[in-house]
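One file, run.json, is given below (JSON, C-alpha atoms).
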[["chain", "number", "residue", "atom", "x", "y", "z"],
["P", 14, "MET", "CA", 121.82, 93.64, 85.52],
["P", 15, "GLY", "CA", 118.19, 93.73, 84.37],
["P", 16, "LEU", "CA", 115.41, 91.23, 84.63],
["P", 17, "PHE", "CA", 116.04, 89.84, 81.16],
["P", 18, "ASN", "CA", 119.25, 88.63, 79.62],
["P", 19, "GLN", "CA", 120.17, 89.48, 76.04],
["P", 20, "GLY", "CA", 118.12, 86.55, 74.78],
["P", 21, "GLY", "CA", 114.97, 88.15, 76.19],
["P", 22, "LYS", "CA", 114.59, 85.64, 78.99],
["P", 23, "LEU", "CA", 114.42, 86.30, 82.73],
["P", 24, "ASP", "CA", 117.82, 86.69, 84.32],
["P", 25, "SER", "CA", 118.14, 84.79, 87.58],
["P", 26, "GLY", "CA", 121.27, 86.70, 88.65],
["P", 27, "ALA", "CA", 121.83, 89.04, 91.60],
["P", 28, "HIS", "CA", 118.97, 91.11, 93.00],
["P", 29, "ASN", "CA", 120.60, 93.21, 95.72],
["P", 30, "GLY", "CA", 118.65, 96.24, 96.91],
["P", 31, "CYS", "CA", 115.22, 95.07, 95.76],
["P", 32, "GLY", "CA", 112.32, 95.86, 98.05],
["P", 33, "PRO", "CA", 109.65, 93.46, 99.33],
["P", 34, "VAL", "CA", 106.26, 92.90, 97.72],
["P", 35, "GLN", "CA", 103.87, 92.70, 100.71],
["P", 36, "ASP", "CA", 104.41, 89.22, 102.22],
["P", 37, "LEU", "CA", 106.71, 88.24, 99.37],
["P", 38, "SER", "CA", 110.40, 88.84, 100.06],
["P", 39, "PRO", "CA", 112.89, 89.48, 97.23],
["P", 40, "ASP", "CA", 114.68, 86.23, 98.13],
["P", 41, "ASP", "CA", 111.48, 84.18, 97.95],
["P", 42, "HIS", "CA", 111.04, 81.99, 94.94],
["P", 43, "VAL", "CA", 108.11, 82.21, 92.54],
["P", 44, "PHE", "CA", 107.01, 79.59, 90.05],
["P", 45, "VAL", "CA", 106.40, 81.44, 86.81],
["P", 46, "SER", "CA", 104.72, 80.16, 83.71],
["P", 47, "LYS", "CA", 106.67, 79.67, 80.52],
["P", 48, "ARG", "CA", 105.13, 82.82, 79.04],
["P", 49, "VAL", "CA", 105.94, 84.98, 82.08],
["P", 50, "TYR", "CA", 109.48, 83.59, 82.00],
["P", 51, "ARG", "CA", 109.73, 84.71, 78.39],
["P", 52, "GLY", "CA", 108.67, 88.23, 79.31],
["P", 53, "GLN", "CA", 104.88, 88.41, 79.13],
["P", 54, "PRO", "CA", 103.33, 90.51, 81.91],
["P", 55, "VAL", "CA", 101.93, 89.02, 85.11],
["P", 56, "VAL", "CA", 98.18, 89.44, 85.55],
["P", 57, "ARG", "CA", 97.49, 86.56, 87.98],
["P", 58, "VAL", "CA", 99.32, 85.60, 91.14],
["P", 59, "HIS", "CA", 98.42, 82.56, 93.23],
["P", 60, "LEU", "CA", 99.61, 81.68, 96.73],
["P", 61, "ASP", "CA", 98.87, 77.97, 96.89],
["P", 62, "GLU", "CA", 97.98, 75.90, 99.96],
["P", 63, "ASP", "CA", 101.65, 74.96, 100.44],
["P", 64, "GLY", "CA", 102.77, 78.60, 100.51],
["P", 65, "ASP", "CA", 104.24, 78.52, 97.01],
["P", 66, "TRP", "CA", 103.87, 81.66, 94.86],
["P", 67, "GLN", "CA", 102.85, 81.26, 91.21],
["P", 68, "ALA", "CA", 102.64, 83.92, 88.48],
["P", 69, "PHE", "CA", 100.76, 83.73, 85.18],
["P", 70, "SER", "CA", 100.25, 85.86, 82.09],
["P", 71, "ALA", "CA", 96.84, 86.78, 80.68],
["P", 72, "GLU", "CA", 96.90, 84.08, 78.02],
["P", 73, "GLU", "CA", 97.24, 81.11, 80.35],
["P", 74, "PRO", "CA", 94.33, 79.35, 82.04],
["P", 75, "ARG", "CA", 96.78, 77.55, 84.40],
["P", 76, "TRP", "CA", 100.15, 75.92, 83.74],
["P", 77, "PHE", "CA", 101.15, 75.88, 80.11],
["P", 78, "GLY", "CA", 104.40, 74.02, 79.69],
["P", 79, "ARG", "CA", 106.98, 73.56, 82.41],
["P", 80, "PRO", "CA", 107.08, 76.25, 85.14],
["P", 81, "ARG", "CA", 110.33, 78.03, 85.98],
["P", 82, "LEU", "CA", 111.49, 79.01, 89.47],
["P", 83, "ILE", "CA", 112.90, 82.55, 89.90],
["P", 84, "HIS", "CA", 113.45, 85.07, 92.68],
["P", 85, "ALA", "CA", 110.49, 87.34, 93.41],
["P", 86, "ALA", "CA", 112.77, 90.36, 93.11],
["P", 87, "HIS", "CA", 113.10, 89.84, 89.37],
["P", 88, "LEU", "CA", 109.36, 90.17, 88.84],
["P", 89, "LEU", "CA", 109.30, 93.43, 90.78],
["P", 90, "GLU", "CA", 112.29, 94.77, 88.86],
["P", 91, "HIS", "CA", 110.54, 94.04, 85.59],
["P", 92, "ASP", "CA", 107.15, 95.33, 86.72],
["P", 93, "PRO", "CA", 107.15, 97.70, 89.71],
["P", 94, "SER", "CA", 103.31, 97.74, 89.66],
["P", 95, "LEU", "CA", 103.48, 94.28, 91.24],
["P", 96, "GLY", "CA", 104.30, 96.20, 94.41],
["P", 97, "SER", "CA", 100.57, 96.91, 94.67],
["P", 98, "LEU", "CA", 99.88, 93.18, 95.07],
["P", 99, "PRO", "CA", 97.92, 92.77, 98.32],
["P", 100, "ALA", "CA", 98.84, 90.22, 100.96],
["P", 101, "LEU", "CA", 97.21, 86.92, 100.05],
["P", 102, "PRO", "CA", 95.98, 84.19, 102.38],
["P", 103, "LEU", "CA", 97.06, 80.65, 101.51],
["P", 104, "GLY", "CA", 95.02, 79.21, 98.67],
["P", 105, "HIS", "CA", 94.02, 82.58, 97.19],
["P", 106, "LEU", "CA", 94.47, 84.14, 93.78],
["P", 107, "ALA", "CA", 94.91, 87.80, 92.82],
["P", 108, "THR", "CA", 94.03, 88.97, 89.31],
["P", 109, "ARG", "CA", 94.12, 92.28, 87.50],
["P", 110, "ASP", "CA", 92.73, 93.33, 84.12],
["P", 111, "GLU", "CA", 95.80, 95.13, 82.84],
["P", 112, "ALA", "CA", 99.43, 94.12, 83.08],
["P", 113, "SER", "CA", 100.41, 97.48, 84.56],
["P", 114, "GLY", "CA", 97.21, 97.89, 86.58],
["P", 115, "THR", "CA", 97.35, 98.24, 90.31],
["P", 116, "THR", "CA", 93.79, 97.16, 91.11],
["P", 117, "TRP", "CA", 93.80, 93.50, 92.14],
["P", 118, "GLN", "CA", 90.78, 91.30, 92.80],
["P", 119, "ILE", "CA", 91.20, 88.49, 95.33],
["P", 120, "PHE", "CA", 89.56, 85.08, 94.96],
["P", 121, "GLN", "CA", 89.83, 81.84, 96.85],
["P", 122, "GLY", "CA", 91.70, 79.55, 94.48]]

Would you put the structure from the file into structure tokens?
Amino acid sequence: MGLFNQGGKLDSGAHNGCGPVQDLSPDDHVFVSKRVYRGQPVVRVHLDEDGDWQAFSAEEPRWFGRPRLIHAAHLLEHDPSLGSLPALPLGHLATRDEASGTTWQIFQG
């Protein structure tokens, strides 16, 4: 089963055998923006002060619409370059210029 179902949306089904993304385990949940949920690439990842992971596309300044909650494994399945995401301290944001880029810049969010 892939990341997206036939309707082009993220599939929240099984994710056996997926590897970890730094401090993010495949079973962890990630709040994703509406556009990421619909398949746009992740270019910003935020680990908020509460320890919640959030993922955004390039076209979103912050939340646009209602966020969705998915397993982290699905993001990695869809975009293996997210494996280059560095460990983030609480309250920090990682950004990259290109959706498939592996160079992340870290900022305090």

Item to check | Point-to-point distance in Å for CA of Asp61 in chain P and CA of Gly78 in chain P | outcome: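 CA of Gly78 in chain P sits 18.5 Å away from CA of Asp61 in chain P.
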
Item to check | Residue among P:Ile119, P:Ala71, P:Ala100, P:Leu95 lying closest to Val49 in chain P, counting only C-alpha atoms | outcome: P:Ala71

Next on the checklist: With 9 Å as the threshold, what does the neighbourhood of (92.3, 76.6, 97.1) contain in terms of residues, counting all atoms listed in the file? Coordinates are those of the file; answer as a PyMOL selection string.
Outcome noted: chain P and resi 60-62+103-106+121-122

Item to check | Length of the CA of Leu82 in chain P to CA of Thr116 in chain P vector [Å] | outcome: 25.4 Å

Item to check | Selected residue of minimal separation from Gln53 in chain P among P:Ala86, P:Ala107, P:Leu98, P:Glu72, counting only C-alpha atoms | outcome: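 Ranked by minimum distance to Gln53 in chain P, first place goes to P:Glu72.
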
Checklist entry - So, counting all atoms listed in the file, which residue among P:His84, P:Val56, P:Glu73, P:Thr108 is closest to Asp41 in chain P? => result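 Distance minimum relative to Asp41 in chain P lands on P:His84.
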